[in-house]
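Structure file model_26.csv (CSV, C-alpha atoms) follows.
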```csv
chain,number,residue,atom,x,y,z
A,1,MET,CA,50.0,5.5,-16.4
A,2,THR,CA,46.6,6.3,-14.8
A,3,ASP,CA,43.6,5.3,-16.8
A,4,THR,CA,41.4,8.5,-17.1
A,5,THR,CA,38.8,6.9,-19.4
A,6,PRO,CA,35.3,7.9,-18.2
A,7,THR,CA,33.2,5.1,-16.7
A,8,LEU,CA,29.4,4.7,-16.9
A,9,THR,CA,27.8,5.6,-13.7
A,10,PRO,CA,24.1,6.1,-12.7
A,11,LYS,CA,22.8,9.4,-11.5
A,12,PRO,CA,23.9,10.0,-7.9
A,13,TRP,CA,20.3,10.0,-6.7
A,14,ILE,CA,19.8,6.5,-8.2
A,15,SER,CA,22.7,5.2,-6.3
A,16,GLY,CA,21.1,6.4,-3.1
A,17,ILE,CA,18.0,4.2,-3.5
A,18,ALA,CA,17.6,1.2,-1.3
A,19,PRO,CA,15.7,-1.3,-3.4
A,20,TYR,CA,12.2,-2.3,-2.3
A,21,VAL,CA,12.3,-5.5,-0.3
A,22,PRO,CA,9.1,-7.6,-0.7
A,23,GLY,CA,7.7,-9.9,2.0
A,24,LYS,CA,9.4,-13.3,2.0
A,25,SER,CA,7.6,-16.7,1.6
A,26,ALA,CA,10.4,-19.0,2.6
A,27,GLY,CA,13.0,-19.4,5.3
A,28,ALA,CA,16.7,-18.9,4.9
A,29,ASP,CA,17.0,-22.6,4.1
A,30,GLY,CA,14.4,-22.4,1.3
A,31,ARG,CA,11.8,-24.1,3.4
A,32,PRO,CA,8.2,-23.0,2.5
A,33,LEU,CA,6.6,-21.0,5.3
A,34,ILE,CA,3.1,-19.8,6.1
A,35,LYS,CA,3.3,-16.4,4.5
A,36,LEU,CA,1.9,-13.6,6.6
A,37,SER,CA,4.4,-11.0,5.3
A,38,ALA,CA,2.8,-9.4,2.3
A,39,ASN,CA,-0.8,-8.4,3.3
A,40,GLU,CA,-2.4,-10.7,0.7
A,41,ASN,CA,-6.0,-11.8,1.1
A,42,PRO,CA,-6.0,-15.1,3.0
A,43,LEU,CA,-9.3,-16.1,1.4
A,44,GLY,CA,-7.7,-15.9,-2.1
A,45,THR,CA,-9.7,-14.5,-5.0
A,46,GLY,CA,-13.5,-14.4,-5.5
A,47,GLU,CA,-15.1,-16.9,-7.8
A,48,LYS,CA,-16.3,-14.2,-10.3
A,49,ALA,CA,-12.8,-12.8,-10.7
A,50,ARG,CA,-11.3,-16.3,-11.1
A,51,ALA,CA,-13.8,-17.3,-13.7
A,52,ALA,CA,-13.3,-14.1,-15.7
A,53,PHE,CA,-9.6,-14.5,-15.5
A,54,ALA,CA,-9.7,-18.1,-16.8
A,55,ALA,CA,-12.0,-17.1,-19.6
A,56,ALA,CA,-9.7,-14.3,-20.8
A,57,GLN,CA,-6.7,-16.6,-20.6
A,58,GLY,CA,-8.6,-19.2,-22.6
A,59,ALA,CA,-9.2,-17.0,-25.6
A,60,ALA,CA,-7.4,-18.1,-28.8
A,61,ASP,CA,-5.6,-14.8,-29.0
A,62,ALA,CA,-5.0,-14.4,-25.3
A,63,LEU,CA,-1.2,-14.3,-25.7
A,64,SER,CA,-0.8,-12.8,-29.2
A,65,ARG,CA,-2.9,-9.6,-28.8
A,66,TYR,CA,-2.0,-6.5,-26.7
A,67,PRO,CA,-4.4,-5.6,-24.0
A,68,ASP,CA,-6.7,-2.5,-24.2
A,69,PRO,CA,-4.1,0.3,-23.7
A,70,GLY,CA,-6.8,2.5,-22.1
A,71,ALA,CA,-8.4,-0.2,-19.9
A,72,ASN,CA,-11.7,1.3,-21.0
A,73,GLU,CA,-14.1,-1.3,-19.7
A,74,LEU,CA,-12.3,-1.4,-16.4
A,75,ARG,CA,-12.3,2.4,-16.1
A,76,GLU,CA,-16.0,2.5,-17.0
A,77,THR,CA,-16.8,-0.1,-14.4
A,78,ILE,CA,-14.8,1.7,-11.7
A,79,ALA,CA,-16.5,5.0,-12.6
A,80,ALA,CA,-20.0,3.4,-12.4
A,81,LYS,CA,-19.3,1.8,-9.1
A,82,PHE,CA,-18.0,4.9,-7.4
A,83,GLY,CA,-19.9,7.6,-9.2
A,84,LEU,CA,-16.8,9.0,-11.0
A,85,ASP,CA,-16.0,10.4,-14.4
A,86,PRO,CA,-14.3,7.5,-16.4
A,87,ALA,CA,-12.2,10.0,-18.3
A,88,ARG,CA,-10.6,10.9,-15.0
A,89,VAL,CA,-9.8,7.3,-14.0
A,90,ILE,CA,-6.3,6.0,-14.7
A,91,CYS,CA,-5.2,2.4,-14.4
A,92,GLY,CA,-1.7,1.2,-13.6
A,93,ASN,CA,0.6,-1.7,-13.0
A,94,GLY,CA,-0.5,-1.9,-9.3
A,95,SER,CA,-1.0,1.4,-7.5
A,96,ASP,CA,2.8,1.4,-7.2
A,97,GLU,CA,3.1,2.6,-10.8
A,98,LEU,CA,0.7,5.4,-10.2
A,99,LEU,CA,2.6,6.5,-7.1
A,100,HIS,CA,5.8,6.7,-9.3
A,101,LEU,CA,3.9,8.5,-12.0
A,102,ALA,CA,2.9,11.2,-9.5
A,103,ALA,CA,6.5,11.8,-8.5
A,104,GLY,CA,7.8,11.6,-12.1
A,105,THR,CA,5.2,14.1,-13.4
A,106,TYR,CA,5.3,16.7,-10.7
A,107,ALA,CA,8.8,16.6,-9.1
A,108,GLY,CA,12.4,16.6,-10.2
A,109,ALA,CA,16.0,17.3,-9.1
A,110,GLY,CA,16.0,19.7,-6.1
A,111,ASP,CA,12.3,19.4,-5.4
A,112,GLU,CA,11.0,17.9,-2.2
A,113,ILE,CA,8.5,15.0,-1.7
A,114,LEU,CA,6.9,14.8,1.7
A,115,TYR,CA,5.4,11.9,3.7
A,116,VAL,CA,4.9,10.8,7.2
A,117,ARG,CA,7.6,8.8,9.1
A,118,TYR,CA,6.8,5.1,8.8
A,119,GLY,CA,5.0,5.7,5.5
A,120,PHE,CA,4.9,3.2,2.6
A,121,ALA,CA,8.5,2.4,1.4
A,122,VAL,CA,7.7,3.2,-2.2
A,123,TYR,CA,7.4,6.9,-1.4
A,124,GLU,CA,11.1,7.4,-0.8
A,125,ILE,CA,12.0,5.3,-3.8
A,126,ALA,CA,9.7,7.3,-6.0
A,127,ALA,CA,11.2,10.6,-4.7
A,128,ARG,CA,14.8,9.5,-5.2
A,129,ARG,CA,14.1,8.0,-8.6
A,130,VAL,CA,13.4,11.5,-10.0
A,131,GLY,CA,16.2,13.3,-8.1
A,132,ALA,CA,13.8,14.8,-5.6
A,133,VAL,CA,14.6,15.0,-1.9
A,134,PRO,CA,12.5,12.7,0.3
A,135,VAL,CA,11.3,14.5,3.5
A,136,GLU,CA,9.9,12.6,6.5
A,137,ALA,CA,7.6,14.4,8.9
A,138,ASP,CA,7.4,13.3,12.5
A,139,ASP,CA,4.7,10.8,13.4
A,140,LYS,CA,2.4,10.8,16.4
A,141,ASP,CA,2.8,7.4,18.1
A,142,TYR,CA,3.2,5.7,14.7
A,143,ALA,CA,0.2,7.6,13.3
A,144,THR,CA,-0.1,10.6,10.9
A,145,ASP,CA,0.7,14.0,12.5
A,146,VAL,CA,-1.0,16.6,10.4
A,147,ASP,CA,0.7,19.5,12.1
A,148,ALA,CA,4.1,17.9,11.6
A,149,LEU,CA,3.4,17.4,7.9
A,150,LEU,CA,2.2,21.0,7.4
A,151,ALA,CA,5.2,22.3,9.3
A,152,ALA,CA,7.5,20.4,6.9
A,153,VAL,CA,6.1,22.0,3.8
A,154,THR,CA,8.5,24.4,2.0
A,155,ASP,CA,8.5,26.3,-1.2
A,156,LYS,CA,10.3,23.2,-2.7
A,157,THR,CA,7.5,20.8,-1.8
A,158,ARG,CA,5.9,19.3,-4.9
A,159,VAL,CA,4.2,16.1,-3.8
A,160,VAL,CA,2.7,15.0,-0.4
A,161,TYR,CA,2.0,11.3,0.0
A,162,LEU,CA,-0.5,10.1,2.6
A,163,ALA,CA,-1.2,6.4,2.9
A,164,ASN,CA,-4.6,6.1,4.6
A,165,PRO,CA,-4.9,3.6,6.2
A,166,ASN,CA,-1.1,3.6,6.5
A,167,ASN,CA,1.3,0.8,5.7
A,168,PRO,CA,3.2,-0.5,7.7
A,169,THR,CA,1.6,0.9,10.8
A,170,GLY,CA,-2.1,0.3,10.1
A,171,THR,CA,-3.2,3.7,11.5
A,172,LEU,CA,-6.0,5.8,10.0
A,173,ALA,CA,-6.2,9.5,9.7
A,174,THR,CA,-9.8,10.8,10.0
A,175,ARG,CA,-11.8,12.6,7.4
A,176,ALA,CA,-11.4,15.9,9.4
A,177,GLU,CA,-7.6,15.4,9.6
A,178,VAL,CA,-7.3,14.7,5.8
A,179,GLN,CA,-9.4,17.8,5.1
A,180,ARG,CA,-7.2,19.9,7.4
A,181,LEU,CA,-4.1,18.6,5.8
A,182,TYR,CA,-5.3,19.4,2.3
A,183,ALA,CA,-6.5,22.8,3.4
A,184,GLY,CA,-3.0,23.7,4.6
A,185,LEU,CA,-1.2,22.6,1.4
A,186,PRO,CA,-0.3,25.1,-1.4
A,187,LYS,CA,-2.3,24.6,-4.6
A,188,ASN,CA,0.9,23.9,-6.5
A,189,VAL,CA,1.5,20.7,-4.4
A,190,LEU,CA,0.0,17.4,-5.5
A,191,PHE,CA,-1.7,15.7,-2.6
A,192,VAL,CA,-1.6,11.9,-3.2
A,193,ILE,CA,-4.0,9.9,-1.0
A,194,ASP,CA,-2.9,6.2,-1.2
A,195,GLN,CA,-6.0,4.2,-0.3
A,196,ALA,CA,-4.7,0.7,-0.9
A,197,TYR,CA,-6.6,-0.7,2.2
A,198,SER,CA,-9.7,1.4,1.9
A,199,GLU,CA,-12.0,-1.5,1.3
A,200,TYR,CA,-11.3,-2.8,4.8
A,201,LEU,CA,-12.9,0.3,6.3
A,202,SER,CA,-16.5,0.9,7.3
A,203,GLU,CA,-18.5,3.7,5.8
A,204,ALA,CA,-18.0,5.8,9.0
A,205,GLU,CA,-14.2,5.4,8.6
A,206,ASP,CA,-14.1,6.8,5.0
A,207,ASP,CA,-11.5,9.6,4.9
A,208,GLY,CA,-13.3,11.6,2.1
A,209,GLY,CA,-10.4,11.3,-0.3
A,210,LEU,CA,-12.5,10.6,-3.4
A,211,ASP,CA,-14.8,13.5,-2.5
A,212,LEU,CA,-11.7,15.8,-2.5
A,213,ALA,CA,-10.5,14.3,-5.8
A,214,ARG,CA,-13.9,15.0,-7.4
A,215,THR,CA,-13.7,18.7,-6.7
A,216,GLU,CA,-10.1,19.8,-6.1
A,217,PRO,CA,-7.5,20.3,-8.9
A,218,ASN,CA,-4.5,18.9,-7.0
A,219,VAL,CA,-5.7,15.7,-5.3
A,220,PHE,CA,-4.9,12.2,-6.6
A,221,VAL,CA,-6.4,9.2,-5.0
A,222,THR,CA,-4.9,5.7,-5.7
A,223,ARG,CA,-6.3,2.3,-5.0
A,224,THR,CA,-5.4,-1.3,-5.8
A,225,PHE,CA,-6.9,-4.7,-6.6
A,226,SER,CA,-4.1,-6.5,-4.8
A,227,LYS,CA,-5.5,-6.5,-1.3
A,228,ILE,CA,-9.1,-7.2,-0.6
A,229,HIS,CA,-9.9,-8.3,-4.2
A,230,GLY,CA,-7.1,-10.9,-4.1
A,231,LEU,CA,-5.6,-10.0,-7.5
A,232,ALA,CA,-2.0,-9.3,-6.3
A,233,ALA,CA,-0.4,-11.5,-9.0
A,234,GLU,CA,-1.9,-9.4,-11.8
A,235,ARG,CA,-0.7,-6.0,-10.4
A,236,ILE,CA,-3.7,-3.7,-11.1
A,237,GLY,CA,-4.2,-0.3,-9.6
A,238,TRP,CA,-6.3,2.7,-10.3
A,239,GLY,CA,-6.4,6.4,-9.5
A,240,TYR,CA,-8.7,9.4,-9.7
A,241,ALA,CA,-7.9,13.1,-10.1
A,242,SER,CA,-8.7,16.2,-12.1
A,243,SER,CA,-8.6,16.1,-15.9
A,244,ASP,CA,-5.4,18.1,-15.9
A,245,VAL,CA,-3.6,15.8,-13.5
A,246,ILE,CA,-4.8,12.6,-15.3
A,247,SER,CA,-3.7,14.0,-18.7
A,248,ALA,CA,-0.3,14.8,-17.4
A,249,LEU,CA,0.1,11.3,-15.8
A,250,HIS,CA,-0.8,9.6,-19.1
A,251,ARG,CA,2.1,11.4,-20.8
A,252,ILE,CA,4.6,9.2,-18.9
A,253,ARG,CA,2.4,6.1,-18.3
A,254,LEU,CA,3.7,2.9,-19.9
A,255,PRO,CA,1.4,1.6,-22.7
A,256,PHE,CA,-0.4,-1.7,-22.2
A,257,ASN,CA,0.4,-1.6,-18.5
A,258,VAL,CA,-2.5,-3.8,-17.4
A,259,THR,CA,-2.9,-7.3,-18.8
A,260,ARG,CA,-6.0,-8.5,-20.7
A,261,ALA,CA,-6.8,-11.2,-18.1
A,262,GLY,CA,-6.1,-8.8,-15.3
A,263,GLN,CA,-8.5,-6.3,-16.7
A,264,ALA,CA,-11.2,-8.9,-17.1
A,265,ALA,CA,-10.7,-10.2,-13.5
A,266,ALA,CA,-10.8,-6.7,-12.1
A,267,VAL,CA,-14.0,-5.9,-13.8
A,268,ALA,CA,-15.6,-9.1,-12.4
A,269,ALA,CA,-14.1,-8.4,-8.9
A,270,LEU,CA,-15.9,-5.1,-8.7
A,271,GLY,CA,-19.2,-6.9,-9.1
A,272,ASP,CA,-18.4,-9.5,-6.4
A,273,GLU,CA,-19.7,-7.6,-3.4
A,274,ASN,CA,-20.3,-10.7,-1.4
A,275,PHE,CA,-16.6,-11.7,-1.6
A,276,VAL,CA,-15.5,-8.3,-0.6
A,277,ALA,CA,-17.9,-8.2,2.4
A,278,HIS,CA,-16.9,-11.7,3.5
A,279,SER,CA,-13.2,-10.7,3.3
A,280,ARG,CA,-13.9,-7.5,5.3
A,281,GLU,CA,-15.8,-9.4,8.0
A,282,HIS,CA,-13.2,-12.1,8.3
A,283,ASN,CA,-10.5,-9.6,8.6
A,284,ALA,CA,-12.3,-7.6,11.3
A,285,GLU,CA,-13.1,-10.7,13.3
A,286,TRP,CA,-9.6,-12.2,13.3
A,287,ARG,CA,-7.8,-8.9,13.5
A,288,ALA,CA,-9.7,-8.2,16.8
A,289,TRP,CA,-9.0,-11.7,18.0
A,290,LEU,CA,-5.3,-11.6,17.3
A,291,THR,CA,-5.1,-8.1,18.9
A,292,GLY,CA,-6.5,-9.5,22.1
A,293,GLU,CA,-4.1,-12.5,22.1
A,294,ILE,CA,-1.1,-10.2,21.6
A,295,GLU,CA,-2.3,-7.7,24.2
A,296,SER,CA,-2.5,-10.5,26.7
A,297,LEU,CA,1.3,-10.7,26.4
A,298,GLY,CA,1.7,-7.1,27.4
A,299,ASN,CA,3.7,-8.1,30.5
A,300,HIS,CA,6.4,-9.2,28.0
A,301,GLY,CA,6.5,-5.8,26.5
A,302,LEU,CA,4.3,-6.4,23.4
A,303,ARG,CA,2.1,-3.6,22.2
A,304,VAL,CA,-0.3,-3.5,19.2
A,305,VAL,CA,-0.6,-0.3,17.1
A,306,PRO,CA,-4.4,0.2,16.4
A,307,SER,CA,-5.0,-1.0,12.9
A,308,ALA,CA,-7.6,-0.3,10.2
A,309,CYS,CA,-5.9,-2.7,7.7
A,310,ASN,CA,-5.5,-6.4,7.2
A,311,PHE,CA,-2.4,-6.6,9.3
A,312,LEU,CA,-1.1,-5.6,12.7
A,313,LEU,CA,2.1,-3.8,13.6
A,314,VAL,CA,3.3,-5.3,16.9
A,315,LEU,CA,5.9,-3.4,19.0
A,316,PHE,CA,8.4,-5.4,21.1
A,317,GLU,CA,9.3,-3.1,24.0
A,318,GLY,CA,10.4,-5.7,26.5
A,319,SER,CA,13.3,-8.1,27.0
A,320,VAL,CA,12.5,-10.2,23.9
A,321,SER,CA,13.4,-8.4,20.6
A,322,ALA,CA,11.4,-8.3,17.4
A,323,GLU,CA,14.3,-9.9,15.6
A,324,THR,CA,14.4,-12.8,18.0
A,325,VAL,CA,10.7,-13.4,17.7
A,326,TYR,CA,10.9,-13.0,13.9
A,327,ASN,CA,13.5,-15.8,13.8
A,328,ARG,CA,11.6,-18.0,16.3
A,329,LEU,CA,8.4,-17.6,14.2
A,330,MET,CA,10.3,-18.8,11.1
A,331,ASP,CA,11.5,-21.8,13.0
A,332,ALA,CA,7.8,-22.5,13.9
A,333,GLY,CA,6.8,-22.2,10.2
A,334,TYR,CA,5.6,-18.6,10.0
A,335,ILE,CA,7.0,-15.7,8.1
A,336,VAL,CA,6.0,-12.1,9.1
A,337,ARG,CA,7.7,-8.8,8.2
A,338,TRP,CA,10.6,-7.4,10.2
A,339,LEU,CA,11.2,-3.8,9.2
A,340,PRO,CA,14.6,-2.5,10.3
A,341,GLY,CA,15.0,-0.9,6.9
A,342,GLN,CA,12.0,1.3,7.6
A,343,GLY,CA,13.2,2.5,11.0
A,344,LEU,CA,11.2,-0.2,12.8
A,345,PRO,CA,13.7,-2.7,14.2
A,346,ASN,CA,11.5,-3.1,17.3
A,347,ALA,CA,8.4,-4.1,15.4
A,348,LEU,CA,6.9,-6.9,13.3
A,349,ARG,CA,4.1,-6.5,10.8
A,350,MET,CA,1.9,-9.5,10.5
A,351,THR,CA,-0.9,-10.2,8.0
A,352,ILE,CA,-4.3,-11.5,9.2
A,353,GLY,CA,-4.5,-15.0,7.8
A,354,THR,CA,-7.1,-17.7,7.8
A,355,GLU,CA,-8.6,-18.8,11.1
A,356,ASP,CA,-6.1,-21.7,11.4
A,357,GLU,CA,-3.2,-19.5,10.4
A,358,THR,CA,-4.1,-16.8,12.8
A,359,ARG,CA,-4.6,-19.2,15.7
A,360,GLY,CA,-1.3,-20.9,14.9
A,361,LEU,CA,0.5,-17.6,14.7
A,362,ALA,CA,-0.8,-16.5,18.1
A,363,ALA,CA,0.3,-19.7,19.7
A,364,ALA,CA,3.8,-19.4,18.0
A,365,ILE,CA,4.1,-15.8,19.2
A,366,ARG,CA,3.3,-16.8,22.8
A,367,ALA,CA,5.8,-19.6,22.6
A,368,ALA,CA,8.4,-17.3,21.2
A,369,VAL,CA,8.1,-14.7,24.0
A,370,GLU,CA,7.5,-17.1,26.8
A,371,GLY,CA,10.2,-19.6,25.8
```

Representation of the structure as C-alpha cells:
Amino acid sequence: MTDTTPTLTPKPWISGIAPYVPGKSAGADGRPLIKLSANENPLGTGEKARAAFAAAQGAADALSRYPDPGANELRETIAAKFGLDPARVICGNGSDELLHLAAGTYAGAGDEILYVRYGFAVYEIAARRVGAVPVEADDKDYATDVDALLAAVTDKTRVVYLANPNNPTGTLATRAEVQRLYAGLPKNVLFVIDQAYSEYLSEAEDDGGLDLARTEPNVFVTRTFSKIHGLAAERIGWGYASSDVISALHRIRLPFNVTRAGQAAAVAALGDENFVAHSREHNAEWRAWLTGEIESLGNHGLRVVPSACNFLLVLFEGSVSAETVYNRLMDAGYIVRWLPGQGLPNALRMTIGTEDETRGLAAAIRAAVEG
C-alpha cells in the first residue's frame, strides 16, 4: 500500500537557492594557505578599534548583558561623520543583513528583483529567499550597463541592487551613471546602492549615493565595517534611507543584531582616519603594482578588469585556464577565489594582500602560467 502521508518540504523558492560560498582559507588537504579570497584588510584592524573592542570585552557584564538594540552611539557617530540624520541610520549584522531586509520588506512571491550580471552573490539569495524572481541585466564588459538595467525594469520590479564598486568585478559606475539609473526607475522601486568598498575610493570617484539617499524617498545606501575598517569578524553594517524606508526595515530587523564589543570597535574605527588613509594608500599602491605584473602576462591570455576595490578580477582567456591556475596557486600556498558559480569560470578574484603576500602571489601566478 502506498504511503500518502504528507511530508515536510520547504517552499519551492527556498529549494532553488544555492547557498553562499565564502572564500576559503585552507587547501583541500586542510593545509593553511595565504588567504586572498575574502577581500579582508591585509593590514588588520586599527589600534583604536582593537583597544575599544578589548575594553568592551573586558567589562564585568560583557557576556551577560544584551547590546544596545538600537546601536544608538554607533548611529550617532556615523551620522556625525557623514552629515546624516541619526534617526535614518540603521545598523545590521554586516551589510548582508540590510540587503536581505530590503528584499524582505519590499518584495515577495511573484515580484522581481533586478541587478547587474556578475553582481554580488547575496542579491540572488535575497530575492529567492522571499519568493521573488531574480533578474540579471546584461553587463558591459563586466561593468554596469545602465541602459540594460533600465530595459529590464518591468511593472513587477520592486528592488534594484547596485554594488558600487562592484563585487566580484571591481568596476565602478560613475556619479552620472548612478543618477541616470535612479532617474529612470519608477518611484515604487527601492534602489539599493551597496557601497561596501566605498572607503577605497577617492573623493572624485564618489558616486553620490548618500546624496541621493538624503533627498530621495526610495534610495537605500548600505556600507560595512568589514572591509577597510578590518572588523569582518564582528559583522557590522549600516545603511541610510528615508524615514519611511528605515521604519519599514526596522519592523523585520532582528533585535540585538550588533554585538556590544562590535559597536564599540566600530565607533572607534570611525575616528581612526589615519588607519583608513593608510589602508587606502596601501591598497592603491599594491593594486596598481599587481595589475602591472599581471598585464605583463598578457601574451598568456591574462586580462585584468579595471578595479576600484581591494581586489582584482583576472580573466584567463588563453591556453591556461582559471581553474588550473587556481589549483597551482593553492599548491604554491595561496588561496584566491574561483567563481564558476557566479558565471565566471574563466576568472579569479584575488585580494590585495600585504607587500610580501602580493609579491609572492605575483611570482606564483607567473610560475603557474609559464610552467

Neighbours of A:Thr45 within 12 Å (only C-alpha atoms; same-chain residues fewer than 6 positions away dropped), as JSON, numbers by chain?
-> {"A": [51, 52, 53, 225, 226, 227, 228, 229, 230, 231, 232, 233, 234, 265, 266, 268, 269, 270, 272, 274, 275, 276, 278, 279]}

In terms of only C-alpha atoms, the residue from A:Cys309, A:Ala152, A:Ala102, A:Ala109 at minimal distance from A:Val219 is A:Ala102

Nearest to A:Arg129 among A:Ala151, A:Leu101, A:Ile90, A:Leu172, with distances taken over all atoms listed in the file: which residue is it?
->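 Once distances to A:Arg129 are computed over all atoms listed in the file, the minimum belongs to A:Leu101.
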
Anything within 12 Å of (4.4, -25.1, 5.1): list those residues as a list in words, counting all atoms listed in the file and sticking to the file's coordinates.
->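 Here is the list of nearby residues: Ser25, Ala26, Gly27, Gly30, Arg31, Pro32, Leu33, Ile34, Lys35, Leu36, Met330, Asp331, Ala332, Gly333, Tyr334, Ile335 and Glu357 of chain A.
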
Counting all atoms listed in the file, the residue of A:Asp206, A:Asp68, A:Glu199, A:Glu370 that sits nearest A:Arg223 |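 Distance minimum relative to A:Arg223 lands on A:Glu199.
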
When you draw a straight line from atom CA of A:Gly360 to atom CA of A:Leu315, how long is it in Å?
-> 19.4 Å

Out of A:Gly318, A:Pro255, A:Gly16, A:Gly58, which residue has the shortest atom-to-atom distance to A:Ala127 when counting all atoms listed in the file?
->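 Looking only at the distances to A:Ala127, the closest residue turns out to be A:Gly16.
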
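Taking atom CA of A:Ser307 and atom CA of A:Asn41 as the two end points, the separation is 16.0 Å.
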
May I have the protein, DNA and RNA residues with any atom at most 10 Å from the point (1.2, 7.8, 15.0), counting all atoms listed in the file, written as a JSON list (two decimals) with C-alpha atoms, keeping the file's coordinate frame?
```json
[["chain", "number", "residue", "atom", "x", "y", "z"],
["A", 116, "VAL", "CA", 4.90, 10.80, 7.20],
["A", 117, "ARG", "CA", 7.60, 8.80, 9.10],
["A", 118, "TYR", "CA", 6.80, 5.10, 8.80],
["A", 138, "ASP", "CA", 7.40, 13.30, 12.50],
["A", 139, "ASP", "CA", 4.70, 10.80, 13.40],
["A", 140, "LYS", "CA", 2.40, 10.80, 16.40],
["A", 141, "ASP", "CA", 2.80, 7.40, 18.10],
["A", 142, "TYR", "CA", 3.20, 5.70, 14.70],
["A", 143, "ALA", "CA", 0.20, 7.60, 13.30],
["A", 144, "THR", "CA", -0.10, 10.60, 10.90],
["A", 145, "ASP", "CA", 0.70, 14.00, 12.50],
["A", 166, "ASN", "CA", -1.10, 3.60, 6.50],
["A", 169, "THR", "CA", 1.60, 0.90, 10.80],
["A", 170, "GLY", "CA", -2.10, 0.30, 10.10],
["A", 171, "THR", "CA", -3.20, 3.70, 11.50],
["A", 172, "LEU", "CA", -6.00, 5.80, 10.00],
["A", 173, "ALA", "CA", -6.20, 9.50, 9.70],
["A", 305, "VAL", "CA", -0.60, -0.30, 17.10],
["A", 306, "PRO", "CA", -4.40, 0.20, 16.40]]
```

Rounded to one decimal in Å, what is the spacing between atom CA of A:Glu273 and atom CA of A:Arg260?
->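 Rounded to one decimal, the two atoms are 22.1 Å apart.
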
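Proximity to A:Pro69 was assessed for A:Cys91, A:Val146, A:Val336, A:Leu329 counting all atoms listed in the file; the smallest distance is recorded for A:Cys91.
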
Fewer than 5 positions away in the same chain doesn't count, so skip those; otherwise give me all residues within 9 Å of stretch 241-252 of chain A, counting all atoms listed in the file, as a ChimeraX atom specification.
-> /A:87-90,98,101-102,104-106,190,210,212-221

Proximity to A:Leu84 - best of A:Gly239, A:Pro10, A:Gly110, A:Gly119, all atoms listed in the file |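 Nearest candidate to A:Leu84 out of A:Gly239, A:Pro10, A:Gly110, A:Gly119: A:Gly239.
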
A:Arg287 environment, 12 Å, only C-alpha atoms, sequence neighbours closer than 6 positions dropped, as a ChimeraX atom specification = /A:170,200,279-281,293-294,304-313,350-355,357-359,362

Residue neighbourhood stretch 178-185 of chain A, 8 Å, all atoms listed in the file, exclusion window fewer than 2 positions, as number ranges by chain | A: 146-147, 149-150, 153, 173-176, 187, 189, 191, 207-209
